Amino acid sequence: MSLDVSPALLEQAERGEVDEADFVDCVRTSLPYAWEMISSLVAQLKVDGGEFADNQTPPPDEQARGQLLRALASDAIRGALQRHFGVRLAFQNCHRVAVFPLDASVDATLARFTSVRNQLLNQSPELRDC
C-alpha cells in the first residue's frame with residue numbers, strides 16, 4: 001500500500017527535508033482507515049483515561065487491513081504518527097492496535113502488551129490469515 005504523494009510533497013523530498021506536518025497530512029489522506037482508528041483510540045484514551053486504549057475489531061476489508069499494516073510497519077509513518085498524536089503506538093496483529101500515553105508510569109503495561117507472552121496469548125484460529 002503506497003502513499004498518495006502530491007507533486008509538491010515529492011518536490012520537498014527531492015530538495016531535502018520534508019515538513020513533518022505535510023507528511024502527516026499525506027498519511028492522513030492516503031491511509032484514512034488507519035488514521036481514523038488511531039485518532040479514535042487517542043480520543044478514547046483522553047476521555048477514558050487509563051493506561052492505554054486499544055482496538056480489537058478486525059478491519060472491514062483487505063484495503064483497510066493494508067492501510068493499518070502500512071501505517072504501523074513503516075518506521076517513518078509510525079514515528080510521525082506518534083509525534084503528531086503525542087502517544088506511543090503498539091501493534092499485536094492485523095487489528096489490535098493500542099495507544100499509550102508518553103508517561104513513563106505506563107512503561108510496565110506497554111512492556112506487557114508488547115511481550116512475547118501476550119503476542120502468543122493474542123492468537124486465535126480466526127486471526128491465522130489476517
# chains A, B, ... in the order shown; residues from 1 in each chain; ligands from 1
$ residues_around --residues "A:Thr57" --least-positions-apart "3" --cutoff "12 Å" --atoms "only C-alpha atoms" --output "PyMOL selection string"
chain A and resi 37+54+60-61+64-65+93-98+127
$ residues_around --residues "A:Val5" --least-positions-apart "2" --cutoff "9 Å" --atoms "only C-alpha atoms" --output "number ranges by chain"
A: 2-3, 7-10, 23, 26-27, 30
$ closest_residue --among "A:Val18, A:Tyr33, A:Ser6, A:Arg112" --to "A:Arg70" --atoms "only C-alpha atoms"
A:Tyr33
$ residues_around --residues "A:Val87" --least-positions-apart "4" --cutoff "10 Å" --atoms "only C-alpha atoms" --output "ChimeraX atom specification"
/A:38,42,45,52,79,81-83,98-103
$ write_last_selection --atoms "N, CA, C and O atoms" --output "PDB file, in the first residue's frame"
ATOM      1  N   ILE A  38      -6.476   5.231  14.680  1.00  0.00           N
ATOM      2  CA  ILE A  38      -5.530   5.792  15.650  1.00  0.00           C
ATOM      3  C   ILE A  38      -6.112   7.046  16.287  1.00  0.00           C
ATOM      4  O   ILE A  38      -6.032   7.222  17.507  1.00  0.00           O
ATOM      5  N   VAL A  42      -6.797   7.568  20.298  1.00  0.00           N
ATOM      6  CA  VAL A  42      -6.222   8.695  21.032  1.00  0.00           C
ATOM      7  C   VAL A  42      -7.332   9.443  21.764  1.00  0.00           C
ATOM      8  O   VAL A  42      -7.201   9.777  22.946  1.00  0.00           O
ATOM      9  N   LEU A  45      -8.527   7.402  24.725  1.00  0.00           N
ATOM     10  CA  LEU A  45      -7.565   7.464  25.834  1.00  0.00           C
ATOM     11  C   LEU A  45      -7.712   8.778  26.595  1.00  0.00           C
ATOM     12  O   LEU A  45      -7.689   8.792  27.828  1.00  0.00           O
ATOM     13  N   PHE A  52      -3.990   2.634  28.639  1.00  0.00           N
ATOM     14  CA  PHE A  52      -3.956   2.546  27.187  1.00  0.00           C
ATOM     15  C   PHE A  52      -5.371   2.389  26.653  1.00  0.00           C
ATOM     16  O   PHE A  52      -6.307   2.110  27.395  1.00  0.00           O
ATOM     17  N   GLY A  79       6.483   6.662  13.429  1.00  0.00           N
ATOM     18  CA  GLY A  79       7.125   7.706  14.232  1.00  0.00           C
ATOM     19  C   GLY A  79       6.433   9.050  14.085  1.00  0.00           C
ATOM     20  O   GLY A  79       6.214   9.768  15.066  1.00  0.00           O
ATOM     21  N   LEU A  81       3.297   9.564  13.276  1.00  0.00           N
ATOM     22  CA  LEU A  81       2.008   9.493  13.955  1.00  0.00           C
ATOM     23  C   LEU A  81       2.163   9.600  15.467  1.00  0.00           C
ATOM     24  O   LEU A  81       1.388  10.288  16.134  1.00  0.00           O
ATOM     25  N   GLN A  82       3.171   8.940  16.001  1.00  0.00           N
ATOM     26  CA  GLN A  82       3.408   9.028  17.450  1.00  0.00           C
ATOM     27  C   GLN A  82       3.716  10.461  17.867  1.00  0.00           C
ATOM     28  O   GLN A  82       3.191  10.944  18.872  1.00  0.00           O
ATOM     29  N   ARG A  83       4.540  11.137  17.097  1.00  0.00           N
ATOM     30  CA  ARG A  83       4.871  12.532  17.434  1.00  0.00           C
ATOM     31  C   ARG A  83       3.656  13.435  17.256  1.00  0.00           C
ATOM     32  O   ARG A  83       3.391  14.303  18.087  1.00  0.00           O
ATOM     33  N   ALA A  98      -2.840  -0.411  19.847  1.00  0.00           N
ATOM     34  CA  ALA A  98      -3.063   0.281  21.116  1.00  0.00           C
ATOM     35  C   ALA A  98      -2.282   1.583  21.128  1.00  0.00           C
ATOM     36  O   ALA A  98      -1.228   1.698  20.500  1.00  0.00           O
ATOM     37  N   VAL A  99      -2.831   2.561  21.836  1.00  0.00           N
ATOM     38  CA  VAL A  99      -2.127   3.816  22.062  1.00  0.00           C
ATOM     39  C   VAL A  99      -1.864   3.938  23.556  1.00  0.00           C
ATOM     40  O   VAL A  99      -2.734   3.647  24.382  1.00  0.00           O
ATOM     41  N   PHE A 100      -0.656   4.337  23.864  1.00  0.00           N
ATOM     42  CA  PHE A 100      -0.214   4.516  25.241  1.00  0.00           C
ATOM     43  C   PHE A 100       0.254   5.954  25.409  1.00  0.00           C
ATOM     44  O   PHE A 100       0.903   6.502  24.507  1.00  0.00           O
ATOM     45  N   PRO A 101      -0.027   6.568  26.558  1.00  0.00           N
ATOM     46  CA  PRO A 101       0.498   7.913  26.781  1.00  0.00           C
ATOM     47  C   PRO A 101       2.025   7.868  26.872  1.00  0.00           C
ATOM     48  O   PRO A 101       2.617   6.804  27.079  1.00  0.00           O
ATOM     49  N   LEU A 102       2.639   9.013  26.723  1.00  0.00           N
ATOM     50  CA  LEU A 102       4.096   9.087  26.814  1.00  0.00           C
ATOM     51  C   LEU A 102       4.590   8.959  28.255  1.00  0.00           C
ATOM     52  O   LEU A 102       5.774   8.779  28.482  1.00  0.00           O
ATOM     53  N   ASP A 103       3.698   9.019  29.195  1.00  0.00           N
ATOM     54  CA  ASP A 103       4.008   8.951  30.618  1.00  0.00           C
ATOM     55  C   ASP A 103       4.742   7.649  30.960  1.00  0.00           C
ATOM     56  O   ASP A 103       4.261   6.554  30.643  1.00  0.00           O
TER      57      ASP A 103
END
$ closest_residue --among "A:Leu41, A:Ala104, A:Leu72, A:Ile77" --to "A:Phe91" --atoms "only C-alpha atoms"
A:Leu72
$ select_by_dssp --residues "stretch 20-117 of chain A" --states "helix (DSSP H, G or I)" --output "PyMOL selection string"
chain A and resi 20-30+32-48+62-73+75-85+104-113+116-117
$ select_by_dssp --residues "chain A" --states "strand (DSSP E or B)" --output "VMD selection string"
chain A and resid 53 to 54 87 to 91 97 to 101
$ write_last_selection --atoms "N, CA, C and O atoms" --output "compact mmCIF listing (two decimals), in the first residue's frame"
# COMPACT_ATOMS: atom_id res chain seq x y z
N ALA A 53 -5.50 2.58 25.34
CA ALA A 53 -6.75 2.31 24.63
C ALA A 53 -6.38 1.43 23.45
O ALA A 53 -5.35 1.67 22.80
N ASP A 54 -7.20 0.40 23.19
CA ASP A 54 -6.86 -0.49 22.09
C ASP A 54 -8.09 -0.87 21.28
O ASP A 54 -9.22 -0.71 21.73
N VAL A 87 1.65 10.11 21.50
CA VAL A 87 1.42 8.81 22.12
C VAL A 87 2.49 7.83 21.64
O VAL A 87 3.25 8.13 20.73
N ARG A 88 2.48 6.66 22.26
CA ARG A 88 3.26 5.53 21.77
C ARG A 88 2.27 4.53 21.19
O ARG A 88 1.23 4.26 21.79
N LEU A 89 2.59 4.00 20.03
CA LEU A 89 1.74 3.01 19.38
C LEU A 89 2.30 1.62 19.59
O LEU A 89 3.52 1.42 19.54
N ALA A 90 1.41 0.68 19.83
CA ALA A 90 1.80 -0.73 19.93
C ALA A 90 0.88 -1.52 19.01
O ALA A 90 -0.28 -1.16 18.80
N PHE A 91 1.40 -2.62 18.49
CA PHE A 91 0.70 -3.37 17.46
C PHE A 91 0.92 -4.85 17.69
O PHE A 91 2.06 -5.30 17.79
N VAL A 97 -4.38 -2.72 17.70
CA VAL A 97 -3.53 -1.54 17.84
C VAL A 97 -3.86 -0.91 19.18
O VAL A 97 -5.01 -0.87 19.58
N ALA A 98 -2.84 -0.41 19.85
CA ALA A 98 -3.06 0.28 21.12
C ALA A 98 -2.28 1.58 21.13
O ALA A 98 -1.23 1.70 20.50
N VAL A 99 -2.83 2.56 21.84
CA VAL A 99 -2.13 3.82 22.06
C VAL A 99 -1.86 3.94 23.56
O VAL A 99 -2.73 3.65 24.38
N PHE A 100 -0.66 4.34 23.86
CA PHE A 100 -0.21 4.52 25.24
C PHE A 100 0.25 5.95 25.41
O PHE A 100 0.90 6.50 24.51
N PRO A 101 -0.03 6.57 26.56
CA PRO A 101 0.50 7.91 26.78
C PRO A 101 2.02 7.87 26.87
O PRO A 101 2.62 6.80 27.08
$ atom_distance --atom1 "atom CA of A:Glu36" --atom2 "atom CA of A:Gly50"
20.4 Å
$ atom_distance --atom1 "atom CA of A:Ala34" --atom2 "atom CA of A:Gln67"
5.7 Å
$ closest_residue --among "A:Ala108, A:Leu121, A:Val47, A:Ala80" --to "A:Asp25" --atoms "only C-alpha atoms"
A:Ala80
$ closest_residue --among "A:Leu120, A:Arg15, A:Leu69, A:Phe85" --to "A:Ser39" --atoms "only C-alpha atoms"
A:Phe85
